[in-house]
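K.L.:
Sharing a structure here in structure tokens format.
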Amino acid sequence: MSVRLLVLGAGGFIGRHVAAAARSAPGVDLVVHGRELLDLDAATDDELAELLRTTAPDAIVNAVGAIGGPVELMRRLNAALPERLGHAVLAASPHARLVHLGSAAEYGHGERGVATSEDWPPRPVSPYGETKLAGTGAVLALAERGLDGVVLRVFNPIGAGLPETAVLGRAAAEMRRAIAADEDRIRLGPLGAYRDFVDVADVADAVLAVTRPARITARLLNVGSGQATRVRAAVRGLAEVAGFGGAIEESSRPPDRSSEVDWQRADVRRVASVAGWRPTRPLQGALRDLWRSTAASGD
């Protein structure tokens with residue numbers, strides 16, 4: 001089945017990988033949205049609808065979002081835009097499927113040793129998680145009113161181009177700088193928490209997988225590796241890939257986005273049942289891709 005796919009936020013970390021996967025996927029006609037077409041943050045509702053009429057997609061991927069910055073920016077991009085986009089789809093492209101990328105930050109605390117299912121009550125602990133949850137809620141509410149919408153709650157994606165706002169992105173950048181300066185140590189935040197790190201290429205495959213079924217039987221799907229890895233172990237794995245043998249010092253202050261959340265692991269059985277997707281790539285490969293990309297970005 002051929003799918004005409006519109007990717008919003010294709011310049012961002014996950015969006016770039018979704019677009020790359022779509023370009024090489026058989027039967028996908030890719031339409032990449034860029035700011036030269038429309039500034040989504042500033043766009044009116046009519047302009048959003050016109051974008052959909054002009055591009056005529058079968059499916060829309062919303063990979064737009066703000067991980068940090070002013071709370072008002074997060075409210076606009078993470079909460080308000082998904083709702084506005086859902087209304088635009090209903091008005092201008094009612095037969096199209098909206099695939100919205102949510103976040104594991106919406107869950108907040110996980111129970112140590114337990115995989116978090118989609119039925120877990122969300123209790124975000126940061127403005128990022130709160131605004132992402134609002135966006136998810138808006139899409140799911142519109143799905144009750146006829147929108148063909150599905151939310152993928154993405155856990156911790158890792159791979160080429162990971163920004164420094166993520167702990168492994170920062171670790172890679174700090175190691176690259178330390179090696180260049182012939183320094184023997186880097187300093188990061190606390191690394192004792194457990195996270196579900198998933199290769200961003202697997203995330204891209206999950207996005208494409210949910211555009212395929214003619215009918216989606218569940219509207220909220222976790223996307224992760226299904227494994228919990230201590231952040232400290234992931235950073236050490238990155239150091240091995242980088243050839244960095246220096247000290248990795250940890251501060252006592254956690255980053256705001258993951259404050260107090262010490263365990264997350266995704267239950268990915270539902271997405272396997274609904275869309276036939278399973279994670280296949282090991283963390284080590286994602287760490288290699290991340291490290292190589294820091295060299296390219298420094299050229």
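Simple scheme: letters A, B, ... for chains in structure tokens order, numbers from 1 for residues in each chain, numbers from 1 for ligands in the order shown.
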Need to verify the contact set: Leu101 of chain A, 10 Å, only C-alpha atoms, exclusion of same-chain residues closer than 6 positions in sequence. Can you return it as a PDB file with N, CA, C and O atoms, in the first residue's frame?
P.N.:
```
ATOM      1  N   ILE A  14      14.393  13.502  15.968  1.00  0.00           N
ATOM      2  CA  ILE A  14      13.629  12.339  15.524  1.00  0.00           C
ATOM      3  C   ILE A  14      13.088  12.544  14.120  1.00  0.00           C
ATOM      4  O   ILE A  14      13.110  11.633  13.293  1.00  0.00           O
ATOM      5  N   GLY A  15      12.620  13.747  13.832  1.00  0.00           N
ATOM      6  CA  GLY A  15      12.042  14.020  12.521  1.00  0.00           C
ATOM      7  C   GLY A  15      12.998  13.747  11.374  1.00  0.00           C
ATOM      8  O   GLY A  15      12.595  13.223  10.317  1.00  0.00           O
ATOM      9  N   VAL A  61       3.059  13.036  10.302  1.00  0.00           N
ATOM     10  CA  VAL A  61       3.853  12.778  11.504  1.00  0.00           C
ATOM     11  C   VAL A  61       4.155  14.111  12.159  1.00  0.00           C
ATOM     12  O   VAL A  61       4.765  14.994  11.537  1.00  0.00           O
ATOM     13  N   ASN A  62       3.733  14.269  13.392  1.00  0.00           N
ATOM     14  CA  ASN A  62       4.041  15.489  14.134  1.00  0.00           C
ATOM     15  C   ASN A  62       5.246  15.235  15.034  1.00  0.00           C
ATOM     16  O   ASN A  62       5.122  14.700  16.130  1.00  0.00           O
ATOM     17  N   ALA A  63       6.427  15.619  14.535  1.00  0.00           N
ATOM     18  CA  ALA A  63       7.667  15.497  15.299  1.00  0.00           C
ATOM     19  C   ALA A  63       8.131  16.856  15.799  1.00  0.00           C
ATOM     20  O   ALA A  63       9.305  17.032  16.129  1.00  0.00           O
ATOM     21  N   VAL A  64       7.220  17.816  15.853  1.00  0.00           N
ATOM     22  CA  VAL A  64       7.530  19.159  16.334  1.00  0.00           C
ATOM     23  C   VAL A  64       7.432  19.164  17.858  1.00  0.00           C
ATOM     24  O   VAL A  64       6.524  18.557  18.427  1.00  0.00           O
ATOM     25  N   GLY A  65       8.349  19.854  18.503  1.00  0.00           N
ATOM     26  CA  GLY A  65       8.268  19.967  19.957  1.00  0.00           C
ATOM     27  C   GLY A  65       9.432  20.741  20.517  1.00  0.00           C
ATOM     28  O   GLY A  65      10.430  20.987  19.820  1.00  0.00           O
ATOM     29  N   ASN A  78       4.299  21.914  22.351  1.00  0.00           N
ATOM     30  CA  ASN A  78       4.017  20.566  22.857  1.00  0.00           C
ATOM     31  C   ASN A  78       2.553  20.324  23.157  1.00  0.00           C
ATOM     32  O   ASN A  78       2.092  19.182  23.097  1.00  0.00           O
ATOM     33  N   PRO A  82      -0.328  20.368  18.814  1.00  0.00           N
ATOM     34  CA  PRO A  82      -0.988  19.096  18.477  1.00  0.00           C
ATOM     35  C   PRO A  82      -2.509  19.203  18.413  1.00  0.00           C
ATOM     36  O   PRO A  82      -3.142  18.607  17.534  1.00  0.00           O
ATOM     37  N   LYS A 132       3.885  17.901  27.219  1.00  0.00           N
ATOM     38  CA  LYS A 132       3.753  16.771  26.302  1.00  0.00           C
ATOM     39  C   LYS A 132       2.491  15.969  26.605  1.00  0.00           C
ATOM     40  O   LYS A 132       1.791  15.515  25.689  1.00  0.00           O
ATOM     41  N   GLY A 135      -0.486  17.667  25.086  1.00  0.00           N
ATOM     42  CA  GLY A 135      -0.575  17.408  23.651  1.00  0.00           C
ATOM     43  C   GLY A 135      -1.122  16.033  23.344  1.00  0.00           C
ATOM     44  O   GLY A 135      -1.976  15.859  22.467  1.00  0.00           O
ATOM     45  N   THR A 136      -0.644  15.043  24.088  1.00  0.00           N
ATOM     46  CA  THR A 136      -1.162  13.686  23.927  1.00  0.00           C
ATOM     47  C   THR A 136      -2.662  13.637  24.238  1.00  0.00           C
ATOM     48  O   THR A 136      -3.448  13.046  23.491  1.00  0.00           O
ATOM     49  N   VAL A 150      -3.014   8.661  16.359  1.00  0.00           N
ATOM     50  CA  VAL A 150      -2.303   7.711  17.202  1.00  0.00           C
ATOM     51  C   VAL A 150      -1.118   8.431  17.829  1.00  0.00           C
ATOM     52  O   VAL A 150      -0.462   9.254  17.177  1.00  0.00           O
ATOM     53  N   VAL A 151      -0.863   8.153  19.098  1.00  0.00           N
ATOM     54  CA  VAL A 151       0.250   8.766  19.824  1.00  0.00           C
ATOM     55  C   VAL A 151       1.289   7.690  20.109  1.00  0.00           C
ATOM     56  O   VAL A 151       0.961   6.629  20.662  1.00  0.00           O
ATOM     57  N   LEU A 152       2.530   7.965  19.739  1.00  0.00           N
ATOM     58  CA  LEU A 152       3.651   7.109  20.102  1.00  0.00           C
ATOM     59  C   LEU A 152       4.387   7.761  21.258  1.00  0.00           C
ATOM     60  O   LEU A 152       4.966   8.843  21.097  1.00  0.00           O
ATOM     61  N   ARG A 153       4.348   7.134  22.422  1.00  0.00           N
ATOM     62  CA  ARG A 153       5.109   7.644  23.566  1.00  0.00           C
ATOM     63  C   ARG A 153       6.531   7.105  23.461  1.00  0.00           C
ATOM     64  O   ARG A 153       6.810   5.939  23.760  1.00  0.00           O
ATOM     65  N   VAL A 154       7.425   7.966  23.019  1.00  0.00           N
ATOM     66  CA  VAL A 154       8.808   7.578  22.765  1.00  0.00           C
ATOM     67  C   VAL A 154       9.610   7.700  24.053  1.00  0.00           C
ATOM     68  O   VAL A 154       9.551   8.727  24.736  1.00  0.00           O
ATOM     69  N   VAL A 203      12.908   3.916  16.351  1.00  0.00           N
ATOM     70  CA  VAL A 203      11.763   4.825  16.509  1.00  0.00           C
ATOM     71  C   VAL A 203      11.190   5.195  15.143  1.00  0.00           C
ATOM     72  O   VAL A 203       9.968   5.184  14.936  1.00  0.00           O
ATOM     73  N   VAL A 207       7.373   4.616  13.636  1.00  0.00           N
ATOM     74  CA  VAL A 207       6.514   5.637  13.036  1.00  0.00           C
ATOM     75  C   VAL A 207       5.960   5.150  11.704  1.00  0.00           C
ATOM     76  O   VAL A 207       4.744   5.241  11.435  1.00  0.00           O
ATOM     77  N   LEU A 221       0.573   4.160  22.107  1.00  0.00           N
ATOM     78  CA  LEU A 221       1.527   3.069  21.978  1.00  0.00           C
ATOM     79  C   LEU A 221       2.902   3.495  22.486  1.00  0.00           C
ATOM     80  O   LEU A 221       3.417   4.546  22.091  1.00  0.00           O
ATOM     81  N   VAL A 223       6.927   3.299  22.596  1.00  0.00           N
ATOM     82  CA  VAL A 223       8.038   2.949  21.710  1.00  0.00           C
ATOM     83  C   VAL A 223       9.326   3.045  22.519  1.00  0.00           C
ATOM     84  O   VAL A 223       9.744   4.136  22.915  1.00  0.00           O
TER      85      VAL A 223
END
```
K.L.:
Among segment 32-239 of chain A, which ones does DSSP assign to strand (DSSP E) (computed from the backbone)? Answer as a VMD selection string.
P.N.:
chain A and resid 32 59 to 62 97 to 103 148 to 154 156 to 158 185 to 188 194 to 195 197 to 199 220 to 223 229 to 230
K.L.:
Can you tell me how far atom CA of Gly169 of chain A sits from atom CA of Glu249 of chain A, in Å to one decimal?
P.N.:
16.0 Å
K.L.:
Counting only C-alpha atoms, figure out which residue out of A:Ala42, A:Leu98, A:Ala22, A:Leu73 gets nearest to Pro57 of chain A.
P.N.:
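Closest candidate: A:Leu98.
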K.L.:
Would you work out the distance separating atom CA of Leu5 of chain A from atom CA of Ala272 of chain A, expressed in Å to one decimal?
P.N.:
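Separation between atom CA of Leu5 of chain A and atom CA of Ala272 of chain A: 21.6 Å.
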K.L.:
Applying 8 Å and only C-alpha atoms, which residues near Ala59 of chain A remain after dropping the ones on its own chain fewer than 3 positions away? List them as a list in words.
P.N.:
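What passes the distance filter is Val3, Arg4, Leu5, Leu6, Ala96, Arg97, Leu98, Val99 and Thr211 of chain A.
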K.L.:
Could you please take those selected residues and save all heavy atoms as a PDB file, in the first residue's frame?
P.N.:
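Okay, this is what ended up in result_1.pdb:
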```pdb
ATOM      1  N   VAL A   3       1.765   5.150   0.634  1.00  0.00           N
ATOM      2  CA  VAL A   3       1.404   6.148   1.638  1.00  0.00           C
ATOM      3  C   VAL A   3       2.092   7.470   1.288  1.00  0.00           C
ATOM      4  O   VAL A   3       3.307   7.519   1.080  1.00  0.00           O
ATOM      5  CB  VAL A   3       1.847   5.707   3.050  1.00  0.00           C
ATOM      6  CG1 VAL A   3       1.580   6.823   4.063  1.00  0.00           C
ATOM      7  CG2 VAL A   3       1.139   4.436   3.470  1.00  0.00           C
ATOM      8  N   ARG A   4       1.301   8.525   1.202  1.00  0.00           N
ATOM      9  CA  ARG A   4       1.859   9.865   1.046  1.00  0.00           C
ATOM     10  C   ARG A   4       2.026  10.444   2.452  1.00  0.00           C
ATOM     11  O   ARG A   4       1.046  10.663   3.175  1.00  0.00           O
ATOM     12  CB  ARG A   4       0.948  10.740   0.192  1.00  0.00           C
ATOM     13  CG  ARG A   4       1.509  12.150  -0.073  1.00  0.00           C
ATOM     14  CD  ARG A   4       0.717  12.831  -1.181  1.00  0.00           C
ATOM     15  NE  ARG A   4       1.061  14.217  -1.336  1.00  0.00           N
ATOM     16  CZ  ARG A   4       2.145  14.664  -1.985  1.00  0.00           C
ATOM     17  NH1 ARG A   4       2.990  13.793  -2.534  1.00  0.00           N
ATOM     18  NH2 ARG A   4       2.388  15.949  -2.093  1.00  0.00           N
ATOM     19  N   LEU A   5       3.276  10.681   2.845  1.00  0.00           N
ATOM     20  CA  LEU A   5       3.603  10.988   4.236  1.00  0.00           C
ATOM     21  C   LEU A   5       4.142  12.406   4.364  1.00  0.00           C
ATOM     22  O   LEU A   5       5.123  12.768   3.722  1.00  0.00           O
ATOM     23  CB  LEU A   5       4.653   9.995   4.743  1.00  0.00           C
ATOM     24  CG  LEU A   5       5.064  10.114   6.211  1.00  0.00           C
ATOM     25  CD1 LEU A   5       3.892   9.765   7.128  1.00  0.00           C
ATOM     26  CD2 LEU A   5       6.253   9.195   6.504  1.00  0.00           C
ATOM     27  N   LEU A   6       3.500  13.184   5.211  1.00  0.00           N
ATOM     28  CA  LEU A   6       3.959  14.536   5.533  1.00  0.00           C
ATOM     29  C   LEU A   6       4.630  14.499   6.898  1.00  0.00           C
ATOM     30  O   LEU A   6       4.010  14.112   7.890  1.00  0.00           O
ATOM     31  CB  LEU A   6       2.776  15.509   5.551  1.00  0.00           C
ATOM     32  CG  LEU A   6       3.052  16.931   6.070  1.00  0.00           C
ATOM     33  CD1 LEU A   6       4.061  17.663   5.196  1.00  0.00           C
ATOM     34  CD2 LEU A   6       1.737  17.714   6.174  1.00  0.00           C
ATOM     35  N   ALA A  96      -6.901  11.423   6.646  1.00  0.00           N
ATOM     36  CA  ALA A  96      -5.480  11.231   6.933  1.00  0.00           C
ATOM     37  C   ALA A  96      -5.284  10.793   8.381  1.00  0.00           C
ATOM     38  O   ALA A  96      -6.078  11.121   9.268  1.00  0.00           O
ATOM     39  CB  ALA A  96      -4.708  12.513   6.666  1.00  0.00           C
ATOM     40  N   ARG A  97      -4.215  10.058   8.617  1.00  0.00           N
ATOM     41  CA  ARG A  97      -3.861   9.626   9.972  1.00  0.00           C
ATOM     42  C   ARG A  97      -2.820  10.582  10.548  1.00  0.00           C
ATOM     43  O   ARG A  97      -1.808  10.886   9.912  1.00  0.00           O
ATOM     44  CB  ARG A  97      -3.302   8.209   9.970  1.00  0.00           C
ATOM     45  CG  ARG A  97      -2.774   7.753  11.346  1.00  0.00           C
ATOM     46  CD  ARG A  97      -2.517   6.261  11.364  1.00  0.00           C
ATOM     47  NE  ARG A  97      -3.760   5.544  11.155  1.00  0.00           N
ATOM     48  CZ  ARG A  97      -3.838   4.290  10.672  1.00  0.00           C
ATOM     49  NH1 ARG A  97      -2.734   3.645  10.364  1.00  0.00           N
ATOM     50  NH2 ARG A  97      -5.012   3.727  10.514  1.00  0.00           N
ATOM     51  N   LEU A  98      -3.055  11.039  11.761  1.00  0.00           N
ATOM     52  CA  LEU A  98      -2.102  11.883  12.475  1.00  0.00           C
ATOM     53  C   LEU A  98      -1.322  11.022  13.463  1.00  0.00           C
ATOM     54  O   LEU A  98      -1.905  10.416  14.359  1.00  0.00           O
ATOM     55  CB  LEU A  98      -2.822  13.009  13.221  1.00  0.00           C
ATOM     56  CG  LEU A  98      -1.948  13.891  14.117  1.00  0.00           C
ATOM     57  CD1 LEU A  98      -0.868  14.600  13.300  1.00  0.00           C
ATOM     58  CD2 LEU A  98      -2.802  14.900  14.876  1.00  0.00           C
ATOM     59  N   VAL A  99      -0.010  10.961  13.268  1.00  0.00           N
ATOM     60  CA  VAL A  99       0.881  10.236  14.174  1.00  0.00           C
ATOM     61  C   VAL A  99       1.626  11.281  14.996  1.00  0.00           C
ATOM     62  O   VAL A  99       2.483  11.999  14.486  1.00  0.00           O
ATOM     63  CB  VAL A  99       1.878   9.347  13.404  1.00  0.00           C
ATOM     64  CG1 VAL A  99       2.790   8.600  14.378  1.00  0.00           C
ATOM     65  CG2 VAL A  99       1.135   8.371  12.489  1.00  0.00           C
ATOM     66  N   THR A 211       1.793   3.931  10.245  1.00  0.00           N
ATOM     67  CA  THR A 211       1.101   4.559   9.120  1.00  0.00           C
ATOM     68  C   THR A 211       0.493   3.516   8.182  1.00  0.00           C
ATOM     69  O   THR A 211      -0.334   3.857   7.331  1.00  0.00           O
ATOM     70  CB  THR A 211       2.048   5.455   8.296  1.00  0.00           C
ATOM     71  OG1 THR A 211       3.044   4.646   7.642  1.00  0.00           O
ATOM     72  CG2 THR A 211       2.722   6.496   9.181  1.00  0.00           C
TER      73      THR A 211
END
```
K.L.:
If we count only C-alpha atoms and set the cut-off at 12 Å, which residues sit around Ala25 of chain A, ignoring sequence neighbours fewer than 4 positions away in its own chain? Please answer as a PyMOL selection string.
P.N.:
chain A and resi 1-5+18-21+29-30+204-205+207-209+212
K.L.:
Could you dump the residues just selected with N, CA and C atoms as a PDB file, in the first residue's frame?
P.N.:
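Written output follows (selection_27.pdb):
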```pdb
ATOM      1  N   MET A   1       0.843  -1.195   0.000  1.00  0.00           N
ATOM      2  CA  MET A   1       0.000   0.000   0.000  1.00  0.00           C
ATOM      3  C   MET A   1       0.875   1.241   0.000  1.00  0.00           C
ATOM      4  N   SER A   2       0.615   2.158  -0.916  1.00  0.00           N
ATOM      5  CA  SER A   2       1.380   3.398  -1.000  1.00  0.00           C
ATOM      6  C   SER A   2       0.844   4.413   0.014  1.00  0.00           C
ATOM      7  N   VAL A   3       1.765   5.150   0.634  1.00  0.00           N
ATOM      8  CA  VAL A   3       1.404   6.148   1.638  1.00  0.00           C
ATOM      9  C   VAL A   3       2.092   7.470   1.288  1.00  0.00           C
ATOM     10  N   ARG A   4       1.301   8.525   1.202  1.00  0.00           N
ATOM     11  CA  ARG A   4       1.859   9.865   1.046  1.00  0.00           C
ATOM     12  C   ARG A   4       2.026  10.444   2.452  1.00  0.00           C
ATOM     13  N   LEU A   5       3.276  10.681   2.845  1.00  0.00           N
ATOM     14  CA  LEU A   5       3.603  10.988   4.236  1.00  0.00           C
ATOM     15  C   LEU A   5       4.142  12.406   4.364  1.00  0.00           C
ATOM     16  N   VAL A  18      13.053  10.014  10.862  1.00  0.00           N
ATOM     17  CA  VAL A  18      11.803   9.545  10.239  1.00  0.00           C
ATOM     18  C   VAL A  18      11.838   9.836   8.743  1.00  0.00           C
ATOM     19  N   ALA A  19      12.260  11.043   8.373  1.00  0.00           N
ATOM     20  CA  ALA A  19      12.329  11.403   6.956  1.00  0.00           C
ATOM     21  C   ALA A  19      13.316  10.518   6.210  1.00  0.00           C
ATOM     22  N   ALA A  20      14.467  10.244   6.822  1.00  0.00           N
ATOM     23  CA  ALA A  20      15.469   9.395   6.173  1.00  0.00           C
ATOM     24  C   ALA A  20      14.930   7.981   5.960  1.00  0.00           C
ATOM     25  N   ALA A  21      14.239   7.446   6.973  1.00  0.00           N
ATOM     26  CA  ALA A  21      13.666   6.106   6.832  1.00  0.00           C
ATOM     27  C   ALA A  21      12.585   6.085   5.763  1.00  0.00           C
ATOM     28  N   ASP A  29       5.664   8.004  -0.307  1.00  0.00           N
ATOM     29  CA  ASP A  29       5.860   9.266  -1.018  1.00  0.00           C
ATOM     30  C   ASP A  29       6.023  10.346   0.041  1.00  0.00           C
ATOM     31  N   LEU A  30       7.260  10.791   0.237  1.00  0.00           N
ATOM     32  CA  LEU A  30       7.582  11.670   1.356  1.00  0.00           C
ATOM     33  C   LEU A  30       7.397  13.136   1.005  1.00  0.00           C
ATOM     34  N   ALA A 204      12.077   5.518  14.199  1.00  0.00           N
ATOM     35  CA  ALA A 204      11.619   5.868  12.856  1.00  0.00           C
ATOM     36  C   ALA A 204      10.849   4.713  12.220  1.00  0.00           C
ATOM     37  N   ASP A 205      11.343   3.499  12.419  1.00  0.00           N
ATOM     38  CA  ASP A 205      10.628   2.333  11.883  1.00  0.00           C
ATOM     39  C   ASP A 205       9.253   2.185  12.524  1.00  0.00           C
ATOM     40  N   VAL A 207       7.373   4.616  13.636  1.00  0.00           N
ATOM     41  CA  VAL A 207       6.514   5.637  13.036  1.00  0.00           C
ATOM     42  C   VAL A 207       5.960   5.150  11.704  1.00  0.00           C
ATOM     43  N   LEU A 208       6.828   4.616  10.851  1.00  0.00           N
ATOM     44  CA  LEU A 208       6.358   4.131   9.558  1.00  0.00           C
ATOM     45  C   LEU A 208       5.406   2.959   9.720  1.00  0.00           C
ATOM     46  N   ALA A 209       5.664   2.118  10.735  1.00  0.00           N
ATOM     47  CA  ALA A 209       4.805   0.943  10.940  1.00  0.00           C
ATOM     48  C   ALA A 209       3.372   1.341  11.256  1.00  0.00           C
ATOM     49  N   ARG A 212       0.878   2.243   8.349  1.00  0.00           N
ATOM     50  CA  ARG A 212       0.496   1.219   7.391  1.00  0.00           C
ATOM     51  C   ARG A 212      -0.877   0.592   7.619  1.00  0.00           C
TER      52      ARG A 212
END
```
K.L.:
Quick one, how far is atom CA of Val89 of chain A from atom CA of Leu38 of chain A?
P.N.:
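Computing the Euclidean distance for atom CA of Val89 of chain A and atom CA of Leu38 of chain A yields 15.9 Å.
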K.L.:
So that I can see what lies close to Ser251 of chain A, please list as a list of chain:residue names the residues with an atom at most 10 Å from it, counting only C-alpha atoms and leaving out residues fewer than 3 positions away in the same chain.
P.N.:
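Those residues are A:Arg187, A:Leu188, A:Gly189, A:Pro190, A:Leu191, A:Pro254.
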K.L.:
Any chance you could export the current selection's C-alpha atoms as a PDB file, in the first residue's frame?
P.N.:
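What follows is the written file result_34.pdb:
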```
ATOM      1  CA  ARG A 187      31.750  16.320  34.459  1.00  0.00           C
ATOM      2  CA  LEU A 188      28.098  15.353  34.086  1.00  0.00           C
ATOM      3  CA  GLY A 189      24.988  15.280  36.239  1.00  0.00           C
ATOM      4  CA  PRO A 190      24.075  12.236  38.366  1.00  0.00           C
ATOM      5  CA  LEU A 191      24.070   8.993  36.370  1.00  0.00           C
ATOM      6  CA  PRO A 254      19.841  16.289  38.429  1.00  0.00           C
TER       7      PRO A 254
END
```
K.L.:
Considering only alpha helix (DSSP H) as DSSP defines it on the backbone, what residues of segment 2-250 of chain A qualify? List them as JSON, numbers by chain.
P.N.:
{"A": [13, 14, 15, 16, 17, 18, 19, 20, 21, 22, 23, 24, 45, 46, 47, 48, 49, 50, 51, 52, 53, 54, 55, 71, 72, 73, 74, 81, 82, 83, 84, 85, 86, 87, 88, 89, 90, 91, 92, 127, 128, 129, 130, 131, 132, 133, 134, 135, 136, 137, 138, 139, 140, 141, 142, 143, 167, 168, 169, 170, 171, 172, 173, 174, 175, 176, 177, 178, 179, 180, 200, 201, 202, 203, 204, 205, 206, 207, 208, 209, 210, 211, 231, 232, 233, 234, 235, 236, 237, 238, 239, 240, 241, 242]}
K.L.:
Nearest residue to Val31 of chain A out of A:Ala141, A:Ala275, A:Ala286, A:Ala56, using only C-alpha atoms?
P.N.:
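Of all the options, A:Ala56 lies closest to Val31 of chain A.
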K.L.:
Please provide the set of residues having any atom within 8 Å of His95 of chain A, restricted to only C-alpha atoms, with same-chain residues fewer than 4 positions apart removed, written as an MDAnalysis selection string.
P.N.:
chainID A and resid 58 90 148
